[in-house]
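Next up, protein35.txt (compact mmCIF, C-alpha atoms):
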```
# COMPACT_ATOMS: atom_id res chain seq x y z
CA GLU L 1 0.00 0.00 0.00
CA ILE L 2 2.90 2.38 0.71
CA LYS L 3 4.30 1.80 -2.78
CA LYS L 4 0.86 2.30 -4.36
CA ASN L 5 0.39 5.56 -2.48
CA ILE L 6 3.78 6.79 -3.68
CA PHE L 7 2.95 5.93 -7.29
CA ARG L 8 -0.46 7.56 -6.95
CA GLN L 9 1.27 10.77 -5.91
CA LEU L 10 3.93 10.47 -8.63
CA ASP L 11 1.17 10.02 -11.19
CA ARG L 12 -0.36 13.34 -10.11
CA VAL L 13 2.84 15.41 -10.23
CA CYS L 14 4.81 13.86 -13.13
CA LYS L 15 4.18 15.16 -16.63
CA PRO L 16 2.16 13.02 -19.06
CA GLY L 17 4.31 10.39 -20.74
CA SER L 18 6.80 10.13 -17.88
CA PHE L 19 7.92 6.60 -17.08
CA LEU L 20 7.27 5.38 -13.53
CA CYS L 21 9.75 2.67 -12.51
CA SER L 22 9.85 0.57 -9.35
CA ASN L 23 12.94 -1.12 -7.96
CA THR L 24 11.07 -3.95 -6.30
CA SER L 25 12.26 -7.53 -5.93
CA ALA L 26 8.84 -9.12 -5.46
CA LEU L 27 5.92 -6.65 -5.43
CA ASP L 28 3.27 -7.02 -8.14
CA ILE L 29 3.98 -4.47 -10.88
CA ASP L 30 0.37 -4.60 -12.11
CA GLU L 31 -0.89 -3.84 -8.61
CA ILE L 32 1.44 -0.83 -8.40
CA ALA L 33 0.40 0.31 -11.90
CA SER L 34 -3.29 0.11 -10.94
CA ALA L 35 -2.77 3.10 -8.62
CA THR L 36 -1.92 5.29 -11.63
CA ASN L 37 -3.70 6.60 -14.71
CA ARG L 38 -0.75 5.54 -16.89
CA PRO L 39 -0.24 1.76 -16.39
CA GLU L 40 1.29 1.59 -19.87
CA PHE L 41 4.22 3.70 -18.60
CA VAL L 42 4.86 1.64 -15.43
CA ILE L 43 7.65 -0.95 -15.38
CA GLY L 44 9.72 -2.78 -12.79
CA THR L 45 13.45 -2.03 -12.75
CA HIS L 46 14.88 -4.57 -10.34
CA PHE L 47 18.50 -3.75 -9.47
CA PHE L 48 20.55 -6.33 -7.61
CA SER L 49 22.37 -5.56 -4.38
CA PRO L 50 24.91 -4.05 -4.14
CA ALA L 51 23.64 -2.08 -7.15
CA ASN L 52 26.99 -0.38 -7.78
CA VAL L 53 28.63 -3.80 -8.24
CA MET L 54 26.02 -6.22 -9.63
CA LYS L 55 25.58 -5.97 -13.39
CA LEU L 56 22.08 -7.38 -13.74
CA LEU L 57 18.94 -5.31 -14.23
CA GLU L 58 15.65 -7.23 -14.39
CA ASN L 59 13.14 -5.10 -16.31
CA VAL L 60 9.70 -6.36 -15.35
CA ARG L 61 6.91 -5.94 -17.86
CA GLY L 62 3.41 -5.50 -16.47
CA LYS L 63 0.16 -6.43 -18.17
CA TYR L 64 -0.26 -2.96 -19.71
CA THR L 65 3.40 -1.88 -20.11
CA ASN L 66 3.78 -0.67 -23.70
CA ASP L 67 6.64 -1.18 -26.14
CA GLU L 68 7.94 2.38 -25.75
CA THR L 69 8.35 1.87 -22.00
CA ILE L 70 10.11 -1.46 -22.49
CA LEU L 71 12.45 -0.05 -25.12
CA THR L 72 13.31 2.91 -22.90
CA ALA L 73 13.97 0.71 -19.85
CA MET L 74 16.24 -1.59 -21.86
CA ALA L 75 18.12 1.38 -23.34
CA PHE L 76 18.42 2.92 -19.87
CA GLY L 77 20.01 -0.27 -18.58
CA LYS L 78 22.55 -0.24 -21.41
CA LYS L 79 23.25 3.46 -20.84
CA ILE L 80 24.22 2.87 -17.20
CA LYS L 81 26.29 -0.17 -18.20
CA LYS L 82 23.97 -2.82 -16.77
CA VAL L 83 23.02 -6.13 -18.38
CA ALA L 84 19.27 -5.63 -18.82
CA CYS L 85 16.95 -8.61 -19.16
CA LEU L 86 13.21 -8.41 -19.83
CA VAL L 87 11.11 -10.68 -17.60
CA GLY L 88 7.43 -11.16 -16.80
CA ASN L 89 5.45 -10.11 -13.75
CA CYS L 90 5.24 -13.17 -11.52
CA HIS L 91 6.08 -13.48 -7.82
CA GLY L 92 9.84 -13.11 -7.44
CA PHE L 93 10.14 -12.47 -11.19
CA VAL L 94 12.83 -14.83 -12.57
CA GLY L 95 15.81 -14.67 -10.23
CA ASN L 96 14.17 -14.63 -6.80
CA ARG L 97 11.44 -17.05 -7.81
CA MET L 98 14.09 -19.64 -8.66
CA ILE L 99 16.53 -18.90 -5.80
CA HIS L 100 13.78 -19.70 -3.29
CA PHE L 101 14.24 -23.41 -4.03
CA TYR L 102 18.04 -23.19 -3.70
CA SER L 103 17.69 -21.68 -0.23
CA LYS L 104 14.84 -24.01 0.75
CA GLU L 105 16.85 -27.13 -0.07
CA ALA L 106 19.94 -25.81 1.70
CA SER L 107 17.89 -25.26 4.85
CA SER L 108 16.32 -28.70 4.59
CA MET L 109 19.65 -30.48 4.14
CA ILE L 110 21.21 -29.11 7.33
CA VAL L 111 18.21 -30.29 9.35
CA GLU L 112 18.46 -33.70 7.68
CA GLY L 113 22.14 -34.15 8.49
CA ALA L 114 24.46 -31.88 6.49
CA LEU L 115 26.25 -28.90 8.04
CA PRO L 116 26.40 -25.34 6.69
CA HIS L 117 30.12 -25.41 5.89
CA GLN L 118 29.70 -28.72 4.02
CA VAL L 119 26.88 -27.36 1.83
CA ASP L 120 28.76 -24.10 1.23
CA LYS L 121 31.96 -25.92 0.30
CA VAL L 122 30.14 -27.98 -2.35
CA ALA L 123 28.43 -24.88 -3.77
CA TYR L 124 31.74 -23.01 -3.88
CA GLU L 125 33.54 -25.88 -5.58
CA PHE L 126 30.67 -26.07 -8.08
CA GLY L 127 31.60 -22.50 -9.02
CA MET L 128 29.33 -20.24 -6.98
CA PRO L 129 31.06 -17.20 -5.43
CA MET L 130 29.81 -18.30 -2.01
CA GLY L 131 27.50 -20.93 -0.57
CA PRO L 132 23.88 -20.38 0.54
CA PHE L 133 24.73 -19.94 4.23
CA GLN L 134 27.51 -17.43 3.63
CA MET L 135 25.02 -15.66 1.35
CA ILE L 136 22.29 -15.42 4.01
CA ASP L 137 24.89 -14.26 6.56
CA LEU L 138 25.89 -11.51 4.14
CA VAL L 139 22.30 -10.42 3.45
CA GLY L 140 21.22 -10.76 7.08
CA LEU L 141 19.26 -13.57 8.72
CA ASP L 142 16.83 -11.12 10.28
CA LEU L 143 15.13 -10.00 7.04
CA GLY L 144 12.94 -13.07 6.73
CA TRP L 145 12.81 -13.59 10.49
CA ARG L 146 11.29 -10.15 11.14
CA GLU L 147 8.61 -10.81 8.52
CA ARG L 148 7.79 -14.15 10.15
CA LYS L 149 7.69 -12.48 13.56
CA ARG L 150 5.18 -9.93 12.29
CA ALA L 151 3.10 -12.70 10.71
CA GLY L 152 3.28 -14.81 13.89
CA THR L 153 4.89 -17.74 12.05
CA ALA L 154 8.42 -17.63 13.51
CA ASN L 155 9.25 -20.86 15.35
CA PRO L 156 12.77 -21.16 16.83
CA LYS L 157 12.10 -24.74 17.91
CA LEU L 158 11.51 -25.90 14.35
CA ASP L 159 13.45 -23.40 12.23
CA VAL L 160 17.24 -22.99 12.43
CA THR L 161 17.30 -19.40 11.14
CA ASP L 162 14.63 -18.35 13.64
CA ALA L 163 16.59 -20.00 16.47
CA LEU L 164 19.81 -18.24 15.46
CA CYS L 165 18.06 -14.87 15.24
CA GLU L 166 16.46 -15.32 18.65
CA SER L 167 19.97 -15.76 20.07
CA GLY L 168 21.19 -12.55 18.41
CA ARG L 169 23.03 -14.19 15.51
CA LEU L 170 21.94 -12.01 12.59
CA GLY L 171 24.84 -12.55 10.19
CA GLN L 172 28.01 -10.66 9.32
CA LYS L 173 26.69 -7.43 10.82
CA THR L 174 26.73 -9.01 14.29
CA LYS L 175 29.85 -11.11 13.49
CA LYS L 176 27.75 -14.21 14.13
CA GLY L 177 25.21 -16.00 11.97
CA TYR L 178 25.58 -19.47 10.53
CA TYR L 179 29.31 -18.77 11.00
CA GLN L 180 31.47 -16.74 13.34
CA TYR L 181 33.34 -13.89 11.62
CA ASP L 182 36.73 -12.44 12.45
CA ASP L 183 37.73 -8.81 11.81
CA ASN L 184 38.46 -9.69 8.17
CA ARG L 185 34.96 -11.18 7.74
CA ARG L 186 36.41 -14.66 7.36
CA PRO L 187 33.70 -17.30 8.03
CA ILE L 188 34.57 -19.80 10.76
CA PRO L 189 32.33 -22.83 11.48
CA ASP L 190 30.83 -22.54 14.96
CA PRO L 191 30.06 -25.57 17.19
CA GLU L 192 27.24 -23.57 18.80
CA VAL L 193 25.43 -23.45 15.45
CA GLU L 194 25.82 -27.19 15.06
CA LYS L 195 24.16 -27.64 18.47
CA VAL L 196 21.23 -25.46 17.39
CA ILE L 197 20.82 -27.44 14.15
CA ILE L 198 20.89 -30.79 15.95
CA GLU L 199 18.30 -29.54 18.45
CA VAL L 200 15.97 -28.47 15.63
CA SER L 201 16.41 -31.90 14.00
CA LYS L 202 15.38 -33.55 17.29
CA ASN L 203 12.38 -31.27 17.66
CA ARG L 204 11.26 -32.27 14.15
CA SER L 205 11.89 -35.98 14.84
CA ILE L 206 14.40 -36.20 11.99
CA ASN L 207 17.11 -38.85 12.11
CA ARG L 208 20.22 -37.12 10.80
CA ARG L 209 22.25 -38.79 8.03
CA SER L 210 25.29 -38.14 5.87
CA PHE L 211 25.23 -36.41 2.49
CA THR L 212 27.40 -36.91 -0.58
CA ASP L 213 28.61 -33.94 -2.62
CA GLU L 214 26.57 -35.25 -5.57
CA GLU L 215 23.32 -35.17 -3.59
CA ILE L 216 24.03 -31.66 -2.32
CA ILE L 217 24.52 -30.41 -5.90
CA GLU L 218 21.34 -32.10 -7.06
CA ARG L 219 19.29 -30.75 -4.15
CA LEU L 220 20.64 -27.21 -4.55
CA PHE L 221 20.33 -26.83 -8.31
CA TYR L 222 17.78 -29.26 -9.76
CA PRO L 223 14.68 -27.77 -8.06
CA LEU L 224 15.96 -24.31 -9.10
CA ILE L 225 16.26 -25.55 -12.68
CA ASN L 226 12.79 -27.07 -12.53
CA GLU L 227 11.36 -23.69 -11.57
CA GLY L 228 13.22 -22.17 -14.51
CA PHE L 229 11.40 -24.59 -16.80
CA LYS L 230 8.08 -23.58 -15.22
CA ILE L 231 8.89 -19.90 -15.84
CA LEU L 232 9.52 -20.68 -19.51
CA GLU L 233 6.39 -22.83 -19.66
CA GLU L 234 4.29 -20.00 -18.21
CA GLY L 235 5.84 -17.43 -20.57
CA PHE L 236 7.51 -15.22 -17.97
CA ALA L 237 10.89 -15.45 -19.74
CA GLN L 238 11.34 -15.13 -23.49
CA ARG L 239 14.04 -17.76 -23.90
CA PRO L 240 16.24 -20.12 -21.82
CA SER L 241 19.31 -17.94 -22.35
CA ASP L 242 17.54 -15.02 -20.61
CA ILE L 243 17.34 -17.12 -17.44
CA ASP L 244 21.02 -18.00 -17.84
CA VAL L 245 21.87 -14.29 -18.14
CA VAL L 246 19.89 -13.53 -14.95
CA TYR L 247 21.77 -16.19 -13.01
CA CYS L 248 25.26 -15.48 -14.32
CA TYR L 249 25.03 -11.72 -13.80
CA GLY L 250 22.70 -11.56 -10.79
CA TYR L 251 23.56 -14.60 -8.67
CA GLY L 252 27.10 -15.56 -9.62
CA PHE L 253 26.23 -18.82 -11.35
CA PRO L 254 29.51 -19.98 -12.91
CA ARG L 255 29.68 -18.69 -16.47
CA TYR L 256 31.75 -21.62 -17.65
CA ARG L 257 28.70 -23.81 -16.94
CA GLY L 258 26.61 -21.53 -19.15
CA GLY L 259 23.84 -20.77 -16.66
CA PRO L 260 21.32 -23.14 -15.04
CA MET L 261 19.31 -23.90 -18.21
CA LYS L 262 22.41 -24.62 -20.29
CA TYR L 263 23.80 -26.68 -17.40
CA ALA L 264 20.56 -28.71 -17.37
CA ASP L 265 21.16 -29.79 -20.96
CA GLU L 266 24.79 -30.62 -20.16
CA VAL L 267 24.02 -32.97 -17.24
CA GLY L 268 21.07 -34.58 -19.06
CA LEU L 269 17.41 -33.75 -18.61
CA ASP L 270 16.51 -37.38 -17.88
CA ASN L 271 18.88 -37.28 -14.90
CA ILE L 272 17.21 -34.13 -13.60
CA VAL L 273 13.69 -35.57 -14.05
CA ASN L 274 14.59 -38.74 -12.16
CA SER L 275 16.37 -36.86 -9.37
CA LEU L 276 13.46 -34.44 -8.89
CA LYS L 277 11.05 -37.35 -8.47
CA LYS L 278 13.43 -38.94 -5.97
CA TYR L 279 13.43 -35.76 -3.89
CA GLY L 280 9.65 -35.34 -3.99
CA TYR L 281 9.32 -32.73 -6.75
CA GLN L 282 6.96 -32.84 -9.71
CA PRO L 283 8.98 -32.11 -12.86
CA SER L 284 7.49 -29.34 -14.98
CA ASN L 285 5.66 -30.35 -18.16
CA LEU L 286 8.20 -28.50 -20.28
CA LEU L 287 11.09 -30.29 -18.59
CA VAL L 288 9.50 -33.68 -19.27
CA GLU L 289 8.81 -32.70 -22.88
CA ALA L 290 12.36 -31.45 -23.38
CA SER L 291 13.81 -34.63 -21.85
CA LYS L 292 11.92 -36.68 -24.45
CA LYS L 293 13.28 -34.44 -27.19
CA GLY L 294 16.81 -34.87 -25.84
CA SER L 295 17.56 -31.28 -24.85
CA LEU L 296 15.90 -27.95 -24.13
CA ALA L 297 17.94 -26.33 -26.91
CA LYS L 298 16.41 -28.69 -29.51
CA LEU L 299 12.89 -28.22 -28.22
CA TRP L 300 13.16 -24.43 -28.04
CA LYS L 301 13.98 -24.17 -31.73
CA GLU L 302 10.62 -25.78 -32.47
CA LYS L 303 8.45 -24.31 -29.76
CA THR L 304 8.31 -20.92 -28.10
CA LYS L 305 5.76 -19.42 -25.76
CA SER L 306 6.11 -16.09 -24.09
CA LYS L 307 3.86 -13.56 -22.42
CA LEU L 308 6.46 -10.87 -23.08
```
As structure tokens:
Amino acid sequence: EIKKNIFRQLDRVCKPGSFLCSNTSALDIDEIASATNRPEFVIGTHFFSPANVMKLLENVRGKYTNDETILTAMAFGKKIKKVACLVGNCHGFVGNRMIHFYSKEASSMIVEGALPHQVDKVAYEFGMPMGPFQMIDLVGLDLGWRERKRAGTANPKLDVTDALCESGRLGQKTKKGYYQYDDNRRPIPDPEVEKVIIEVSKNRSINRRSFTDEEIIERLFYPLINEGFKILEEGFAQRPSDIDVVYCYGYGFPRYRGGPMKYADEVGLDNIVNSLKKYGYQPSNLLVEASKKGSLAKLWKEKTKSKL
């Protein structure tokens, strides 16, 4: 509502034809545009933090955003030396919608038996600039925790992040999160965190087990890839390479692997389908179709569907 009120006021004071852009990472662009009398000139311009370093700019097209607005937003991105990518208006857009599953699986694995430094090591060796737990320590554990507190859904007995936040471990800014941090911000595994994780596992009646590096890679990246296929299937990205651009420039996915969609073809779509079923995920229809064709690249030459 705050954002809608701001755009309502901007609509009143800005000259006709002015573009109204929102740097939101999740809010509904159409909902924001509905507060104005110029929805065709409203577009999402999602910069990635820290904006002075990260190259990606997700330009989010709303239902009524016109071609002139899109062209201007893309040219603006190029002008300020960003890598602009046009995406559709769905929750989390492309990048954050997919990264949810990466973070979700990381959190599940430590409760099931892995440890944060083990998961992070595998992610780093895969080619990511840092693992999921170093990433959440950098961003701050308290962002999601405060939202859950407001919603009344925080549960430190069943959620590791909630338990760490309740004890004052908010990430790098407090020098303690999933890791301890020295004055050089070097992450150091902390036995106290392991105790918290084991306690949460007990509270959830989970018998902890060991994890192989292969399983950690599959759990981190295959559900993320599956969501990428759903985004293509639903038409919220124009082409697989757009998703690869988002992940290489916005999330540090290793470029030599080509991005998550290219990587999917490299490891074999049949392998991904079978692994997803093993871990309790329903493979997207497009993923199943592409696996029968042999690769997403082959299928995409024959079939395209986009709401952009």
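You can rank L:Tyr279, L:Phe221, L:Tyr179, L:Phe253 by their closest distance to His117 in chain L using only C-alpha atoms, and at the top of that list sits L:Tyr179.
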For Gly235 in chain L, the nearest of the candidates L:Ala35, L:Cys90, L:Cys248, L:Ile99, counting all atoms listed in the file: L:Cys90
Close residues, range 65-80 of chain L itself excluded, 7 Å, all atoms listed in the file, min 3 positions apart in chain, as a list in words: Phe19, Pro39, Glu40, Phe41, Val42, Ile43, Leu57, Asn59, Arg61, Gly62, Val83 and Ala84 of chain L
d(CA of Pro116 in chain L, CA of Phe211 in chain L) in Å: 11.9 Å
Val288 in chain L surroundings by all atoms listed in the file, 9 Å radius, close-in-sequence under 6 positions cut, as a ChimeraX atom specification: /L:269-270,273
Pick from L:Pro223, L:Leu138, L:Cys21, L:Glu218 nearest to Lys104 in chain L, counting only C-alpha atoms: L:Pro223
If we count all atoms listed in the file and set the cut-off at 9 Å, which residues sit around Arg38 in chain L, ignoring sequence neighbours fewer than 6 positions away in its own chain? Please answer as a PDB file with C-alpha atoms, keeping the file's coordinate frame.
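File written: result_31.pdb
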```pdb
ATOM      1  CA  ASP L  11       1.170  10.020 -11.190  1.00  0.00           C
ATOM      2  CA  PRO L  16       2.160  13.020 -19.060  1.00  0.00           C
ATOM      3  CA  GLY L  17       4.310  10.390 -20.740  1.00  0.00           C
ATOM      4  CA  SER L  18       6.800  10.130 -17.880  1.00  0.00           C
ATOM      5  CA  PHE L  19       7.920   6.600 -17.080  1.00  0.00           C
ATOM      6  CA  LEU L  20       7.270   5.380 -13.530  1.00  0.00           C
ATOM      7  CA  TYR L  64      -0.260  -2.960 -19.710  1.00  0.00           C
TER       8      TYR L  64
END
```
Nearest residue to Phe48 in chain L from the set L:Leu158, L:Cys165, L:Val139, L:Val200 (distances using all atoms listed in the file): L:Val139
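With distances taken over all atoms listed in the file, L:Phe126 is the one residue among L:Trp145, L:Phe126, L:Tyr256, L:Tyr263 lying closest to Asp213 in chain L.
Summary of the local environment: counting only C-alpha atoms, residues at most 12 Å from Tyr124 in chain L, other than itself and those fewer than 3 positions away along its chain, are His117, Gln118, Val119, Asp120, Lys121, Gly127, Met128, Pro129, Met130, Gly131, Pro132, Phe133, Gln134, Met135, Asp213, Ile216, Ile217, Leu220, Gly252, Phe253 and Pro254 of chain L.
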Write out as a Markdown table a residue-level contact list of range 169-288 of chain L versus range 160-163 of chain L with cut-off 12 Å: for each qualifying residue the closest pair of atoms and the distance in Å to one decimal, counting only C-alpha atoms, rows sorted by chain and residue number upward.
```
| residue | atom | partner | partner_atom | distance |
| --- | --- | --- | --- | --- |
| L:Arg169 | CA | L:Ala163 | CA | 8.7 |
| L:Leu170 | CA | L:Thr161 | CA | 8.8 |
| L:Gly171 | CA | L:Thr161 | CA | 10.2 |
| L:Gly177 | CA | L:Thr161 | CA | 8.6 |
| L:Tyr178 | CA | L:Thr161 | CA | 8.3 |
| L:Glu192 | CA | L:Ala163 | CA | 11.5 |
| L:Val193 | CA | L:Val160 | CA | 8.7 |
| L:Glu194 | CA | L:Val160 | CA | 9.9 |
| L:Lys195 | CA | L:Val160 | CA | 10.3 |
| L:Val196 | CA | L:Val160 | CA | 6.8 |
| L:Ile197 | CA | L:Val160 | CA | 6.0 |
| L:Ile198 | CA | L:Val160 | CA | 9.3 |
| L:Glu199 | CA | L:Val160 | CA | 9.0 |
| L:Val200 | CA | L:Val160 | CA | 6.5 |
| L:Ser201 | CA | L:Val160 | CA | 9.1 |
| L:Lys202 | CA | L:Val160 | CA | 11.8 |
| L:Asn203 | CA | L:Val160 | CA | 10.9 |
| L:Arg204 | CA | L:Val160 | CA | 11.2 |
```
Ser295 in chain L environment, 10 Å, all atoms listed in the file, sequence neighbours closer than 2 positions dropped, as a ChimeraX atom specification: /L:262,264-266,268-270,287,289-293,297-300
Restricting the output to C-alpha atoms, write the selected residues as a CSV table (one decimal), in the coordinates of the input.
```csv
chain,number,residue,atom,x,y,z
L,262,LYS,CA,22.4,-24.6,-20.3
L,264,ALA,CA,20.6,-28.7,-17.4
L,265,ASP,CA,21.2,-29.8,-21.0
L,266,GLU,CA,24.8,-30.6,-20.2
L,268,GLY,CA,21.1,-34.6,-19.1
L,269,LEU,CA,17.4,-33.8,-18.6
L,270,ASP,CA,16.5,-37.4,-17.9
L,287,LEU,CA,11.1,-30.3,-18.6
L,289,GLU,CA,8.8,-32.7,-22.9
L,290,ALA,CA,12.4,-31.4,-23.4
L,291,SER,CA,13.8,-34.6,-21.8
L,292,LYS,CA,11.9,-36.7,-24.4
L,293,LYS,CA,13.3,-34.4,-27.2
L,297,ALA,CA,17.9,-26.3,-26.9
L,298,LYS,CA,16.4,-28.7,-29.5
L,299,LEU,CA,12.9,-28.2,-28.2
L,300,TRP,CA,13.2,-24.4,-28.0
```
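Picture a line from CA of Ala123 in chain L to CA of Val245 in chain L; it runs 19.0 Å.
Among the candidates L:Lys230, L:Lys55, L:His91, L:Lys63, the residue lying nearest to Thr24 in chain L is L:His91 (atoms considered: only C-alpha atoms).
The space between CA of Phe236 in chain L and CA of Phe93 in chain L spans 7.8 Å.
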Compute the distance from (16.0, -2.4, -6.9) to each atom, counting all atoms listed in the file, keep the residues with any atom at most 6 Å away, and return them as an mmCIF file with C-alpha atoms, keeping the file's coordinate frame; use the coordinates of the file.
```
data_model
loop_
_atom_site.group_PDB
_atom_site.id
_atom_site.type_symbol
_atom_site.label_atom_id
_atom_site.label_comp_id
_atom_site.auth_asym_id
_atom_site.auth_seq_id
_atom_site.Cartn_x
_atom_site.Cartn_y
_atom_site.Cartn_z
ATOM 1 C CA ASN L 23 12.940 -1.120 -7.960
ATOM 2 C CA THR L 24 11.070 -3.950 -6.300
ATOM 3 C CA HIS L 46 14.880 -4.570 -10.340
ATOM 4 C CA PHE L 47 18.500 -3.750 -9.470
#
```
